[in-house]
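Undergrad: Would you mind keeping the following structure in view while I ask a few things?
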Amino acid sequence: MNLKQLSQLLGLSQTTVSRALNGYPEVNAETRQRVLDAVRETGYRPNRAAQRLATGRAGSIGLVMPTADGIESDVHFGEFLAGLGDEAVKHDFHFVINPSHPDEEVATCRRLVASGNVDALFLAYMRVKDPRIAMMKTLKTPFVVHGRSIGVPNDYPFLDIDNTGAFYDAARLLAQLGHRHFALLNGPDYLAYSIRRKKGTVRALAEYGLVLRDDCVEHSQMTDEHGFRAMERFLQLETPPTAVLCSSTVLALGAVRAISQAGLKLGVDISLIAHDDVLPMLKPENFMVPLTTTRSSLRAAGQRIARRLIASILDLETLPQQELWKTDLIVRASTGPAPAGK
């Protein structure tokens, strides 16, 4: 089906259909929705080259994906990407994914913008004093950061969860249950969210006169294997932890396996709280002992960031430029009072 046939089907002019597809604000919402519904029903696809000539837009969101030896695939990124896709497909937007070595991401972002193949950029895996933010602020291309950097002014568009608050609440709950020996299974130590999660943990423990020992902290990629190996190490310490915080249910999967193999009972001998990104293949309530979690959906974050980017490109609506989402603390059977005498 071509544009002429689509316009005849709808009883609209080709100009109106084209403007609806390209996000012109003078087309009312009802008409735009009629056009988008017809596009889905008929399988019509506009000519991208012609669309770009008419609007100056590529109809694409750019993503830079860090990859190198030693960097493992990340199920969390896949779930976030699914959320981006949920929103992008509503407006017939595409993704341009550019792989890059982590040390070359600034140059890769700049090249991607200069190519003209993207209308906006999404930035993730924030680091301390992340140089990508300053670079993007010098360009005219819209961008949104998932997360926040540390050590730079918060004068850029972002969506983040309150990582400090989430782990503060989790650690405080365990301290209130009488636990005195804590461990933290965290993400890589150079990422901002990991730094904030450790900060929240330390802050809560300090209020109870407790400390997070260095030998009870593990920073790693968030896989079940890393969770298993770290938990094995913790349990072999002279004074092992009775309370564990995990930065992901994927890490918790490995940690729970190590706890079980050691003959310990989760929620009785040792308590565990994990952060739940709402991964569909790893639901905390389906663990043999349901996990207490701090919860915030990665897919919902992806949907929101895509909506904000597309709204800024098409001038559809005015949305907040900075959002800090609170997490939900959901108590289940993996947390209980500290074992007597420990």
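Each chain in the structure tokens gets a letter, A, B, ..., in the order shown, and its residues are numbered from 1; ligands are numbered from 1 in order too.
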List every residue of segment 135-271 of chain A that DSSP, applied to the backbone of this structure, assigns to strand (DSSP E or B), and report them as a VMD selection string.

TA: chain A and resid 143 to 146 150 158 to 161 182 to 186 191 217 to 219 243 to 246 266 270 to 271

Undergrad: Store the residues picked out above, limited to N, CA and C atoms, as an mmCIF file, in the first residue's frame.

TA:
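So the final result, stored in out.cif, reads:
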data_model
loop_
_atom_site.group_PDB
_atom_site.id
_atom_site.type_symbol
_atom_site.label_atom_id
_atom_site.label_comp_id
_atom_site.auth_asym_id
_atom_site.auth_seq_id
_atom_site.Cartn_x
_atom_site.Cartn_y
_atom_site.Cartn_z
ATOM 1 N N PHE A 143 18.356 14.572 24.260
ATOM 2 C CA PHE A 143 18.832 13.355 24.895
ATOM 3 C C PHE A 143 18.207 13.228 26.272
ATOM 4 N N VAL A 144 18.141 11.993 26.760
ATOM 5 C CA VAL A 144 17.700 11.717 28.124
ATOM 6 C C VAL A 144 18.656 10.698 28.718
ATOM 7 N N VAL A 145 19.031 10.913 29.959
ATOM 8 C CA VAL A 145 19.923 10.018 30.680
ATOM 9 C C VAL A 145 19.087 9.079 31.541
ATOM 10 N N HIS A 146 19.368 7.780 31.452
ATOM 11 C CA HIS A 146 18.773 6.834 32.393
ATOM 12 C C HIS A 146 19.757 6.684 33.547
ATOM 13 N N ILE A 150 27.556 11.396 38.995
ATOM 14 C CA ILE A 150 27.973 11.903 40.306
ATOM 15 C C ILE A 150 29.125 12.867 40.071
ATOM 16 N N PHE A 158 17.002 13.701 32.870
ATOM 17 C CA PHE A 158 17.268 12.338 33.324
ATOM 18 C C PHE A 158 15.998 11.699 33.861
ATOM 19 N N LEU A 159 16.036 10.379 33.931
ATOM 20 C CA LEU A 159 15.078 9.579 34.691
ATOM 21 C C LEU A 159 15.902 8.589 35.493
ATOM 22 N N ASP A 160 15.693 8.581 36.797
ATOM 23 C CA ASP A 160 16.469 7.702 37.664
ATOM 24 C C ASP A 160 15.554 7.185 38.766
ATOM 25 N N ILE A 161 15.954 6.111 39.409
ATOM 26 C CA ILE A 161 15.278 5.696 40.636
ATOM 27 C C ILE A 161 16.132 6.160 41.816
ATOM 28 N N PHE A 182 26.267 -7.539 57.947
ATOM 29 C CA PHE A 182 25.670 -7.297 56.632
ATOM 30 C C PHE A 182 26.655 -7.577 55.504
ATOM 31 N N ALA A 183 26.104 -7.937 54.355
ATOM 32 C CA ALA A 183 26.897 -8.056 53.130
ATOM 33 C C ALA A 183 26.142 -7.362 51.998
ATOM 34 N N LEU A 184 26.893 -6.890 51.003
ATOM 35 C CA LEU A 184 26.311 -6.206 49.848
ATOM 36 C C LEU A 184 26.856 -6.815 48.569
ATOM 37 N N LEU A 185 25.963 -7.367 47.772
ATOM 38 C CA LEU A 185 26.286 -7.839 46.429
ATOM 39 C C LEU A 185 25.822 -6.763 45.455
ATOM 40 N N ASN A 186 26.788 -6.059 44.865
ATOM 41 C CA ASN A 186 26.478 -4.831 44.129
ATOM 42 C C ASN A 186 26.927 -4.941 42.679
ATOM 43 N N LEU A 191 30.027 2.372 38.405
ATOM 44 C CA LEU A 191 28.722 2.852 37.960
ATOM 45 C C LEU A 191 28.027 3.616 39.081
ATOM 46 N N VAL A 217 31.655 -6.842 50.928
ATOM 47 C CA VAL A 217 31.155 -6.100 49.764
ATOM 48 C C VAL A 217 31.745 -6.723 48.509
ATOM 49 N N GLU A 218 30.900 -6.977 47.529
ATOM 50 C CA GLU A 218 31.350 -7.516 46.249
ATOM 51 C C GLU A 218 30.752 -6.674 45.123
ATOM 52 N N HIS A 219 31.636 -6.172 44.246
ATOM 53 C CA HIS A 219 31.199 -5.447 43.050
ATOM 54 C C HIS A 219 31.477 -6.324 41.838
ATOM 55 N N ALA A 243 22.656 -10.954 57.037
ATOM 56 C CA ALA A 243 21.773 -10.125 56.216
ATOM 57 C C ALA A 243 22.514 -9.745 54.939
ATOM 58 N N VAL A 244 21.848 -9.910 53.808
ATOM 59 C CA VAL A 244 22.488 -9.660 52.513
ATOM 60 C C VAL A 244 21.589 -8.779 51.667
ATOM 61 N N LEU A 245 22.205 -7.783 51.038
ATOM 62 C CA LEU A 245 21.519 -6.934 50.069
ATOM 63 C C LEU A 245 22.082 -7.223 48.686
ATOM 64 N N CYS A 246 21.192 -7.433 47.705
ATOM 65 C CA CYS A 246 21.608 -7.738 46.333
ATOM 66 C C CYS A 246 21.076 -6.656 45.392
ATOM 67 N N LEU A 266 16.900 -19.742 54.050
ATOM 68 C CA LEU A 266 16.674 -18.327 53.766
ATOM 69 C C LEU A 266 15.481 -17.817 54.574
ATOM 70 N N ILE A 270 19.595 -16.785 57.444
ATOM 71 C CA ILE A 270 20.143 -15.624 56.750
ATOM 72 C C ILE A 270 19.014 -14.929 56.005
ATOM 73 N N SER A 271 18.992 -13.603 56.060
ATOM 74 C CA SER A 271 17.947 -12.818 55.390
ATOM 75 C C SER A 271 18.528 -12.131 54.160
#

Undergrad: Skip Met1 of chain A itself and residues of its chain fewer than 3 positions away, then list as a list in words all residues within 8 Å of it, counting only C-alpha atoms.

TA: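 Returned residues: Gln5, Leu6, Thr42, Gly43 and Tyr44 of chain A.
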
Undergrad: For Arg127 of chain A, work out the shell of residues within 10 Å, counting only C-alpha atoms and skipping chain neighbours fewer than 5 positions away, then give it as a PyMOL selection string.

TA: chain A and resi 132+147-151+189-195

Undergrad: Next, dump the selected residues to file, keeping only C-alpha atoms, as a compact mmCIF listing (two decimals), in the first residue's frame.

TA:
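New file part03.txt:
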# COMPACT_ATOMS: atom_id res chain seq x y z
CA ARG A 132 29.07 12.16 27.78
CA GLY A 147 20.33 7.33 35.81
CA ARG A 148 22.40 10.25 37.06
CA SER A 149 26.09 10.92 37.14
CA ILE A 150 27.97 11.90 40.31
CA GLY A 151 30.21 14.94 40.63
CA ASP A 189 31.96 -0.13 41.43
CA TYR A 190 32.45 2.51 38.70
CA LEU A 191 28.72 2.85 37.96
CA ALA A 192 26.78 5.62 39.71
CA TYR A 193 23.84 3.46 40.77
CA SER A 194 26.19 1.05 42.56
CA ILE A 195 27.84 3.91 44.41

Undergrad: Pick the closest to Val35 of chain A from A:Arg197, A:Pro66, A:Gln303, A:Asp92: which is it, counting only C-alpha atoms?

TA: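 That would be A:Asp92, the residue with the smallest distance to Val35 of chain A.
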
Undergrad: Between A:Pro157, A:Gly267, A:Gly336, A:Gly187, which one has atoms that come closest to Pro320 of chain A, using only C-alpha atoms?

TA: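 Answer, going by the shortest atom-to-atom distance: A:Pro157.
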
Undergrad: Please run DSSP on the backbone and report, as a ChimeraX atom specification, all residues within segment 255-287 of chain A that come out as helix (DSSP H, G or I).

TA: /A:255-261,284-286

Undergrad: Pick out the residues sitting within 12 Å of Val17 of chain A, and hand them over as a VMD selection string; count only C-alpha atoms, and ignore anything fewer than 4 positions along from it in its own chain.

TA: chain A and resid 2 to 13 21 to 24 26 to 28 31 to 39 44 46 51

Undergrad: Counting only C-alpha atoms, which residue out of A:Leu173, A:Val331, A:Val250, A:Val96 sits closest to Ile61 of chain A?

TA: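 Looking at the shortest contact to Ile61 of chain A, the residue is A:Val96.
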
Undergrad: Report the distance between atom CA of Leu121 of chain A and atom CA of Gln322 of chain A in Å, rounded to one decimal place.

TA: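 One can read the atom CA of Leu121 of chain A to atom CA of Gln322 of chain A distance as 15.8 Å.
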
Undergrad: Which neighbours of Thr327 of chain A fall inside 9 Å, counting only C-alpha atoms, when residues of the same chain fewer than 4 positions from it are skipped, and could you give them as a PyMOL selection string?

TA: chain A and resi 161-163+165-166+294-296
